[in-house]
Every structure is written in structure tokens, then in C-alpha cells.
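Q: Compact mmCIF, C-alpha atoms and all ligand atoms, file final-v5.txt:
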# COMPACT_ATOMS: atom_id res chain seq x y z
CA MET E 1 115.71 2.52 78.32
CA LYS E 2 118.31 2.30 81.10
CA THR E 3 116.25 4.03 83.78
CA ALA E 4 112.92 5.77 84.26
CA HIS E 5 114.76 8.65 85.97
CA ASN E 6 115.23 11.34 83.33
CA PRO E 7 115.40 15.15 83.07
CA GLY E 8 112.08 15.39 81.21
CA TYR E 9 108.51 15.64 82.45
CA PHE E 10 105.78 13.32 81.16
CA ILE E 11 102.08 14.26 81.36
CA SER E 12 99.18 12.11 80.16
CA PHE E 13 95.54 13.15 79.64
CA GLU E 14 92.97 10.45 80.36
CA GLY E 15 89.23 9.97 80.64
CA ILE E 16 86.30 8.27 78.97
CA ASP E 17 85.36 9.36 75.44
CA GLY E 18 83.60 12.73 75.58
CA ALA E 19 85.13 13.74 78.93
CA GLY E 20 86.71 16.89 77.45
CA LYS E 21 90.38 16.02 76.88
CA SER E 22 90.53 17.31 73.29
CA THR E 23 88.79 20.54 74.36
CA HIS E 24 91.71 21.41 76.65
CA ILE E 25 94.88 19.66 75.51
CA ASP E 26 96.06 22.19 72.87
CA ALA E 27 95.61 25.14 75.22
CA PHE E 28 97.33 23.18 78.00
CA CYS E 29 100.36 22.59 75.74
CA GLN E 30 100.46 26.31 74.98
CA LEU E 31 100.26 27.05 78.70
CA MET E 32 103.25 24.77 79.36
CA ARG E 33 105.22 26.52 76.60
CA GLN E 34 104.50 29.90 78.19
CA LYS E 35 105.23 28.75 81.72
CA TYR E 36 108.45 26.90 80.87
CA PRO E 37 110.03 28.74 77.91
CA ALA E 38 113.33 26.94 78.42
CA ARG E 39 111.68 23.56 77.78
CA GLU E 40 110.48 22.13 74.51
CA VAL E 41 106.92 20.76 74.67
CA VAL E 42 106.05 17.67 72.61
CA MET E 43 102.37 16.85 72.12
CA THR E 44 101.48 13.34 71.06
CA ARG E 45 98.73 10.73 71.33
CA GLU E 46 97.87 7.06 71.75
CA PRO E 47 97.19 4.86 70.02
CA GLY E 48 99.43 6.65 67.52
CA GLY E 49 102.29 9.10 67.77
CA THR E 50 104.47 7.35 65.14
CA ALA E 51 103.91 6.19 61.54
CA LEU E 52 103.45 2.58 62.70
CA GLY E 53 101.33 3.68 65.65
CA GLU E 54 98.97 5.67 63.42
CA GLN E 55 98.55 2.63 61.14
CA LEU E 56 97.77 0.49 64.17
CA ARG E 57 95.35 3.18 65.41
CA SER E 58 93.30 2.87 62.20
CA LEU E 59 93.10 -0.90 62.62
CA LEU E 60 92.29 -0.64 66.34
CA LEU E 61 89.51 1.94 66.01
CA GLU E 62 87.84 0.31 63.01
CA GLY E 63 87.25 -3.38 63.13
CA PRO E 64 86.38 -5.83 65.88
CA MET E 65 89.24 -8.07 67.02
CA HIS E 66 90.10 -10.58 69.71
CA LEU E 67 90.50 -8.80 73.05
CA GLU E 68 94.07 -10.03 73.57
CA ALA E 69 95.04 -9.04 70.00
CA GLU E 70 93.65 -5.57 70.77
CA ALA E 71 95.66 -5.26 73.99
CA LEU E 72 98.84 -6.54 72.32
CA LEU E 73 98.47 -4.08 69.43
CA MET E 74 97.89 -1.19 71.86
CA PHE E 75 101.14 -2.11 73.62
CA ALA E 76 102.98 -2.68 70.32
CA ALA E 77 102.02 0.84 69.25
CA ARG E 78 103.14 2.07 72.69
CA ARG E 79 106.52 0.33 72.47
CA GLU E 80 107.22 2.08 69.16
CA HIS E 81 105.93 5.37 70.55
CA LEU E 82 108.22 5.12 73.57
CA ALA E 83 111.27 4.22 71.47
CA GLN E 84 110.79 6.83 68.78
CA VAL E 85 109.15 9.76 70.54
CA ILE E 86 108.69 9.63 74.31
CA GLU E 87 112.01 8.28 75.59
CA PRO E 88 114.27 10.49 73.39
CA ALA E 89 112.22 13.57 74.31
CA LEU E 90 112.37 12.84 78.05
CA GLU E 91 116.09 12.10 77.88
CA ALA E 92 116.54 15.51 76.20
CA GLY E 93 114.67 17.18 79.09
CA LYS E 94 111.49 17.97 77.13
CA ILE E 95 107.91 18.10 78.43
CA VAL E 96 105.89 15.33 76.77
CA ILE E 97 102.10 15.63 76.78
CA SER E 98 100.26 12.55 75.54
CA ASP E 99 96.55 12.26 74.82
CA ARG E 100 96.20 8.86 76.57
CA PHE E 101 98.81 6.30 77.68
CA THR E 102 98.79 2.95 79.53
CA ASP E 103 96.00 3.81 81.98
CA ALA E 104 93.70 3.73 78.91
CA SER E 105 94.63 0.09 78.26
CA PHE E 106 93.79 -0.82 81.85
CA ALA E 107 90.54 1.16 81.64
CA TYR E 108 89.31 0.07 78.17
CA GLN E 109 90.78 -3.41 77.59
CA GLY E 110 90.80 -4.26 81.32
CA GLY E 111 87.79 -2.51 82.91
CA GLY E 112 85.69 -2.12 79.77
CA ARG E 113 86.30 -5.38 77.92
CA GLY E 114 87.35 -7.54 80.88
CA LEU E 115 90.95 -8.50 80.08
CA ASP E 116 92.70 -9.98 83.12
CA ILE E 117 94.49 -7.11 84.91
CA ALA E 118 97.41 -9.47 85.65
CA LYS E 119 98.06 -9.74 81.90
CA LEU E 120 97.99 -5.95 81.55
CA ASN E 121 100.46 -5.67 84.45
CA ILE E 122 102.80 -7.99 82.54
CA LEU E 123 102.51 -5.95 79.33
CA GLU E 124 103.06 -2.71 81.24
CA ARG E 125 106.20 -4.12 82.87
CA TRP E 126 107.41 -5.51 79.54
CA VAL E 127 106.95 -2.28 77.56
CA GLN E 128 107.73 0.35 80.21
CA GLY E 129 110.24 -1.57 82.33
CA CYS E 130 113.79 -0.16 82.33
CA ASP E 131 117.16 -1.93 82.65
CA ASP E 132 117.53 -0.87 86.30
CA GLY E 133 114.12 -2.29 87.25
CA THR E 134 112.29 1.08 87.30
CA LEU E 135 109.02 1.54 85.40
CA LEU E 136 108.56 4.50 83.08
CA GLN E 137 105.25 6.17 83.98
CA PRO E 138 103.85 9.64 83.41
CA ASN E 139 104.97 12.07 86.12
CA LEU E 140 101.45 13.46 86.08
CA THR E 141 98.17 12.03 84.78
CA ILE E 142 95.25 14.44 84.44
CA LEU E 143 92.11 12.32 84.66
CA PHE E 144 88.89 13.93 83.38
CA ASP E 145 86.27 12.13 85.45
CA LEU E 146 82.55 12.16 84.76
CA PRO E 147 79.59 9.75 84.58
CA GLY E 148 79.27 7.75 81.37
CA SER E 149 75.79 9.14 80.73
CA VAL E 150 77.05 12.75 80.66
CA ALA E 151 79.92 11.86 78.31
CA GLN E 152 77.56 9.93 76.03
CA ALA E 153 75.16 12.89 75.79
CA ARG E 154 78.05 15.18 74.86
CA ARG E 155 79.43 12.82 72.22
CA SER E 156 76.11 12.16 70.56
CA LYS E 157 75.73 15.88 69.83
CA VAL E 158 78.95 16.22 67.89
CA ARG E 159 80.44 13.15 66.26
CA GLU E 160 80.13 9.83 64.50
CA PRO E 161 81.19 7.16 66.99
CA ASP E 162 84.30 5.01 66.41
CA LYS E 163 84.44 1.37 67.55
CA PHE E 164 84.86 2.17 71.26
CA GLU E 165 82.41 5.06 71.25
CA LYS E 166 79.67 2.68 70.05
CA MET E 167 79.89 0.69 73.30
CA ASP E 168 76.99 0.90 75.77
CA LEU E 169 76.75 2.88 78.98
CA ASP E 170 77.76 -0.05 81.20
CA PHE E 171 81.02 -0.36 79.26
CA PHE E 172 81.89 3.29 79.94
CA GLU E 173 80.95 2.97 83.61
CA ARG E 174 83.40 0.04 83.89
CA VAL E 175 86.08 2.06 82.04
CA ARG E 176 85.51 4.94 84.46
CA GLN E 177 85.75 2.69 87.53
CA GLU E 178 89.06 1.20 86.34
CA TYR E 179 90.48 4.71 85.79
CA LEU E 180 89.41 5.58 89.34
CA ARG E 181 90.96 2.37 90.70
CA ARG E 182 94.27 3.24 88.99
CA ALA E 183 94.07 6.77 90.45
CA GLN E 184 93.57 5.35 93.94
CA LEU E 185 96.59 3.08 93.54
CA ASP E 186 98.83 6.02 92.61
CA PRO E 187 97.37 9.23 94.06
CA GLN E 188 100.71 11.08 93.74
CA ARG E 189 100.65 10.72 89.96
CA PHE E 190 96.96 11.48 89.31
CA HIS E 191 95.20 14.82 89.31
CA LEU E 192 91.44 14.25 89.09
CA VAL E 193 89.37 16.87 87.30
CA ASP E 194 85.61 16.92 87.90
CA ALA E 195 84.73 17.00 84.21
CA THR E 196 81.05 17.81 84.85
CA GLN E 197 82.15 21.40 85.53
CA THR E 198 81.95 24.06 82.82
CA PRO E 199 84.90 24.25 80.40
CA GLU E 200 85.76 27.65 81.91
CA ARG E 201 86.08 26.23 85.43
CA ILE E 202 88.09 23.26 84.18
CA TRP E 203 90.46 25.58 82.35
CA LEU E 204 90.93 27.68 85.52
CA GLU E 205 91.77 24.49 87.41
CA LEU E 206 94.26 23.37 84.74
CA GLN E 207 95.97 26.75 84.93
CA SER E 208 96.19 26.87 88.69
CA PHE E 209 97.16 23.53 90.16
CA PRO E 210 100.87 23.27 90.90
CA ILE E 211 103.12 21.21 88.62
CA PRO E 212 106.63 20.57 89.92
CA ILE E 213 108.58 21.42 86.76
CA LYS E 214 111.74 23.51 87.14
N1 LIG O 1 83.10 20.84 80.45
C1 LIG O 1 82.29 20.64 79.39
N2 LIG O 1 80.96 20.88 79.50
C2 LIG O 1 80.13 20.65 78.46
N3 LIG O 1 80.53 20.21 77.25
C3 LIG O 1 81.84 19.95 77.08
C4 LIG O 1 82.79 20.14 78.14
N4 LIG O 1 84.02 19.81 77.69
C5 LIG O 1 83.86 19.41 76.42
N5 LIG O 1 82.57 19.50 76.04
C6 LIG O 1 81.98 19.13 74.74
O1 LIG O 1 81.83 17.70 74.76
C7 LIG O 1 82.21 17.15 73.51
C8 LIG O 1 83.34 16.12 73.74
O2 LIG O 1 84.50 16.80 74.20
P1 LIG O 1 85.99 16.34 73.77
O3 LIG O 1 86.93 17.40 74.27
O4 LIG O 1 86.02 16.04 72.30
O5 LIG O 1 86.14 15.01 74.62
P2 LIG O 1 87.29 13.88 74.58
O6 LIG O 1 88.45 14.43 73.80
O7 LIG O 1 87.63 13.66 76.02
O8 LIG O 1 86.66 12.69 73.93
C9 LIG O 1 82.61 18.33 72.62
O9 LIG O 1 81.49 18.70 71.84
C10 LIG O 1 82.93 19.43 73.60
O10 LIG O 1 82.66 20.71 73.05
C1 LIG O 2 95.56 4.36 74.29
C2 LIG O 2 94.31 3.52 74.26
C3 LIG O 2 93.13 4.01 73.70
N1 LIG O 2 92.01 3.24 73.66
C4 LIG O 2 90.77 3.77 73.05
C5 LIG O 2 90.10 4.88 73.81
C6 LIG O 2 89.38 5.69 72.74
O1 LIG O 2 88.06 5.17 72.59
C7 LIG O 2 90.17 5.38 71.47
C8 LIG O 2 90.91 6.55 70.86
O2 LIG O 2 91.13 7.50 71.81
P1 LIG O 2 91.02 9.08 71.52
O3 LIG O 2 92.21 9.52 70.77
O4 LIG O 2 90.76 9.72 72.84
O5 LIG O 2 89.74 9.22 70.62
P2 LIG O 2 89.18 10.56 69.94
O6 LIG O 2 90.19 10.98 68.92
O7 LIG O 2 87.90 10.06 69.36
O8 LIG O 2 89.01 11.55 71.06
O9 LIG O 2 91.08 4.33 71.78
C9 LIG O 2 92.03 1.96 74.20
O10 LIG O 2 90.99 1.26 74.15
N2 LIG O 2 93.17 1.46 74.76
C10 LIG O 2 94.32 2.19 74.81
O11 LIG O 2 95.36 1.70 75.33
Please go through the file and, once you have read it, give me the structure as C-alpha cells.
Ligand SMILES: Nc1ncnc2c1ncn2[C@@H]1O[C@H](COP(=O)(O)OP(=O)(O)O)[C@@H](O)[C@H]1O
Ligand SMILES: Cc1cn([C@H]2C[C@H](O)[C@@H](COP(=O)(O)OP(=O)(O)O)O2)c(=O)[nH]c1=O
A:
Amino acid sequence: MKTAHNPGYFISFEGIDGAGKSTHIDAFCQLMRQKYPAREVVMTREPGGTALGEQLRSLLLEGPMHLEAEALLMFAARREHLAQVIEPALEAGKIVISDRFTDASFAYQGGGRGLDIAKLNILERWVQGCDDGTLLQPNLTILFDLPGSVAQARRSKVREPDKFEKMDLDFFERVRQEYLRRAQLDPQRFHLVDATQTPERIWLELQSFPIPIK
């Protein structure tokens, strides 16, 4: 990509497993369609979003693998996702809403599993760096924040855990702390949602906070 400056608007949803992203993301996309009828809204997810990305997702969520292999595959899926889906949509002025993006790699591979953050910074620059030196990032990241214990209790009620969801409470606390560290580094980009609130209150908040889309 030549530059990160584009006519589109890029939103990512983030949070630890069980924080409530899936509960709200479809309705949020519908809300964006209603609010901005002139814009096309593209909903996508990571790891995934392309044929290759979905294949990599299956591998990533199933078996154990070397931590650096895991990080590299997450970013390989992301590179394909950017090239095939995200960059063309943003260049065409669309609103892109992704269920997770690079903050998840920092949180899970970095905070959770302990990969050196300097290596993640290199991968981020490699995959999202543009020809003019700018870095393609979401314009807005909605971070669903809650304690690991609350998320774990919610998850255990409803689903069979995948590889990451089987990790212990300490892992999710480290993931949460890395998300919060990223939010502190870039407060303009992040909107923190207190995900311990009821779904109704969270939905009211998602409907009411201002998003600078024309
Ligand atoms: N604010 C909330 N309060 C209580 N339970 C919730 C809330 N949001 C979601 N849940 C429930 O918690 C579980 C996990 O939510 P989900 O949206 O699948 O999380 P995520 O997509 O972030 O992993 C679901 O059973 C969902 O109904
Ligand atoms: C994008 C991304 C996801 N993940 C993890 C977080 C989640 O545990 C898992 C899949 O995310 P998600 O789609 O939120 O899972 P679900 O469909 O169960 O709600 O992948 C990483 O570890 N690194 C990454 O870079």
C-alpha cells in the first residue's frame, strides 16, 4: 500500500475471549449501515477473512505450535487479509469492521504467551507499513475490557473451548494487561468499553459515542 491515508474507515473489535464482541458486532455493523447509508460496510475477522486466512485459522486454533511460528502465521494471514480485503475496501472508501486485528497478536502472542514485543513491533511494521513510511492501523479500536475470571465464567456456560480458550486465568489476565497497555499508548484510537456492564448498557454505549465518519 502506498499510504495509510485513505478515504475509508477501519474499526476493530478487541477483547479477551468471552468479553462480548460477538454479541454486539453484527448489530454494530447494521448500525453503521443505517448511520452511513452512502458507505458500504465490510465485516470481517482475524485470523481469517480470506480463503488462505481461514485455512490458517483452523491450524492456529487447533494444534499447539512454536510461539514464533504462531505469531508468523497470524501475520501471514493478516498480510493476505490486508491485500485482498482490507486495503481495497479502504481505498474504495468503505467502512471495514474486523473482529480482531494486530492488537490481538500483541495481547495473545505477546502478553499471553510472552513473545518479545520488539519482534511483534517488527512484524507490525513489516505487514502494515506503507511505501510513504505510514503505518496502517484501525481508525478506531473498540476494546471490551473485563477481568479474566468474568470472561471465563461466561465462556464456560456456552461453548467448547478452542486452543486459546483452554488457557488458564493468568494467561487471560496477561492478555488483558497487554490490551490495556496498547490502549494507553494510543488513547486516540481506542474506545474502552467496560464489558462487565449488561449487554443493554453496552449496546447503548456503542450507539451513542461519537465516531468521526462523514
Ligand atoms: N455484557 C454481558 N453480560 C453477561 N453476559 C454476556 C455479556 N455479553 C456477552 N455475554 C455472554 O457471554 C458469552 C460470551 O460472549 P461473546 O459475545 O461470544 O464473547 P466474545 O465474542 O468476545 O468471545 C455469551 O454467552 C454471551 O451471551
Ligand atoms: C487475530 C488473533 C487472534 N488470536 C486468538 C484470539 C482468540 O482466542 C482466537 C480466535 O478469536 P475469535 O474469533 O475471537 O474467537 P471466537 O470465534 O471463539 O470468538 O485467536 C491470537 O492469538 N492472535 C491474533 O493475532
Q: When the cut-off is 10 Å and you count only C-alpha atoms and all ligand atoms, which residues lie near ligand LIG 1 (chain O), shown as a PyMOL selection string?
A: chain E and resi 13-25+99-100+143-146+150-159+165+194-203
Q: Taking into account all atoms listed in the file, which residue in the set E:Arg78, E:Lys119, E:Lys94, E:Arg189 is nearest to Ala38 in chain E?
A: E:Lys94
Q: Give me the residues near Pro88 in chain E as an MDAnalysis selection string, where near means some atom within 10 Å (using all atoms listed in the file) and where sequence neighbours in that chain fewer than 5 positions away do not count.
A: chainID E and resid 1 8 82:83 93:94
Q: With the cut-off set at 6 Å and counting all atoms listed in the file, tabulate each residue of chain E with an atom at most that distance from an atom of ligand LIG 2 (chain O), showing the nearest atom pair and its distance in Å to one decimal, ordered by chain and increasing number, as a tab-separated table.
A:
residue	atom	partner	partner_atom	distance
E:Asp17	CA	O:LIG2	O1	5.7
E:Glu46	CA	O:LIG2	C1	4.4
E:Pro47	CA	O:LIG2	C1	4.6
E:Met74	CA	O:LIG2	O11	5.2
E:Arg100	CA	O:LIG2	C1	5.1
E:Phe101	CA	O:LIG2	C1	5.1
E:Thr102	CA	O:LIG2	O11	5.6
E:Ala104	CA	O:LIG2	C10	4.4
E:Ser105	CA	O:LIG2	O11	3.4
E:Tyr108	CA	O:LIG2	O10	4.5
E:Gln109	CA	O:LIG2	O10	5.8
E:Phe164	CA	O:LIG2	O1	4.6
E:Glu165	CA	O:LIG2	O1	5.8
Q: In terms of the shortest atom-to-atom distance over all atoms listed in the file, which of E:Pro7, E:Thr44, E:Asp168, E:Asn139 is closest to Gln84 in chain E?
A: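 Of E:Pro7, E:Thr44, E:Asp168, E:Asn139, the one nearest Gln84 in chain E, counting all atoms listed in the file, is E:Thr44.
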Q: What separation in Å, quoted to one decimal, exists between CA of Leu56 in chain E and CA of Phe28 in chain E?
A: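 About the pair CA of Leu56 in chain E and CA of Phe28 in chain E: they are 26.6 Å apart.
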Q: The centre and edge lengths of an axis-aligned box containing all atoms of range 21-26 of chain E present in the file, extended by 8 Å on each side, are to be given in Å to one decimal, as lines of an AutoDock Vina configuration file.
A:
center_x = 92.4
center_y = 19.1
center_z = 74.9
size_x = 23.3
size_y = 22.2
size_z = 20.0
Q: For the atom pair CA of Phe10 in chain E and CA of Leu180 in chain E, what is the interatomic distance in Å to one decimal place?
A: 19.9 Å
Q: With only C-alpha atoms as the basis for distance, which of E:Ile142, E:Ile122, E:Leu52, E:Leu206 is at the shortest distance from Phe106 in chain E?
A: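 Of E:Ile142, E:Ile122, E:Leu52, E:Leu206, the one nearest Phe106 in chain E is E:Ile122, counting only C-alpha atoms.
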Q: Give me, as a short mmCIF file (atom, residue, chain, number, x, y, z; two decimals) with C-alpha atoms, keeping the file's coordinate frame, all polymer residues having an atom no more than 12 Å from Arg125 in chain E, counting only C-alpha atoms and skipping those fewer than 4 positions away in the same chain.
A:
data_model
loop_
_atom_site.label_atom_id
_atom_site.label_comp_id
_atom_site.auth_asym_id
_atom_site.auth_seq_id
_atom_site.Cartn_x
_atom_site.Cartn_y
_atom_site.Cartn_z
CA PHE E 75 101.14 -2.11 73.62
CA ARG E 79 106.52 0.33 72.47
CA THR E 102 98.79 2.95 79.53
CA ALA E 118 97.41 -9.47 85.65
CA LYS E 119 98.06 -9.74 81.90
CA LEU E 120 97.99 -5.95 81.55
CA ASN E 121 100.46 -5.67 84.45
CA GLY E 129 110.24 -1.57 82.33
CA CYS E 130 113.79 -0.16 82.33
CA ASP E 131 117.16 -1.93 82.65
CA GLY E 133 114.12 -2.29 87.25
CA THR E 134 112.29 1.08 87.30
CA LEU E 135 109.02 1.54 85.40
CA LEU E 136 108.56 4.50 83.08
CA GLN E 137 105.25 6.17 83.98
#
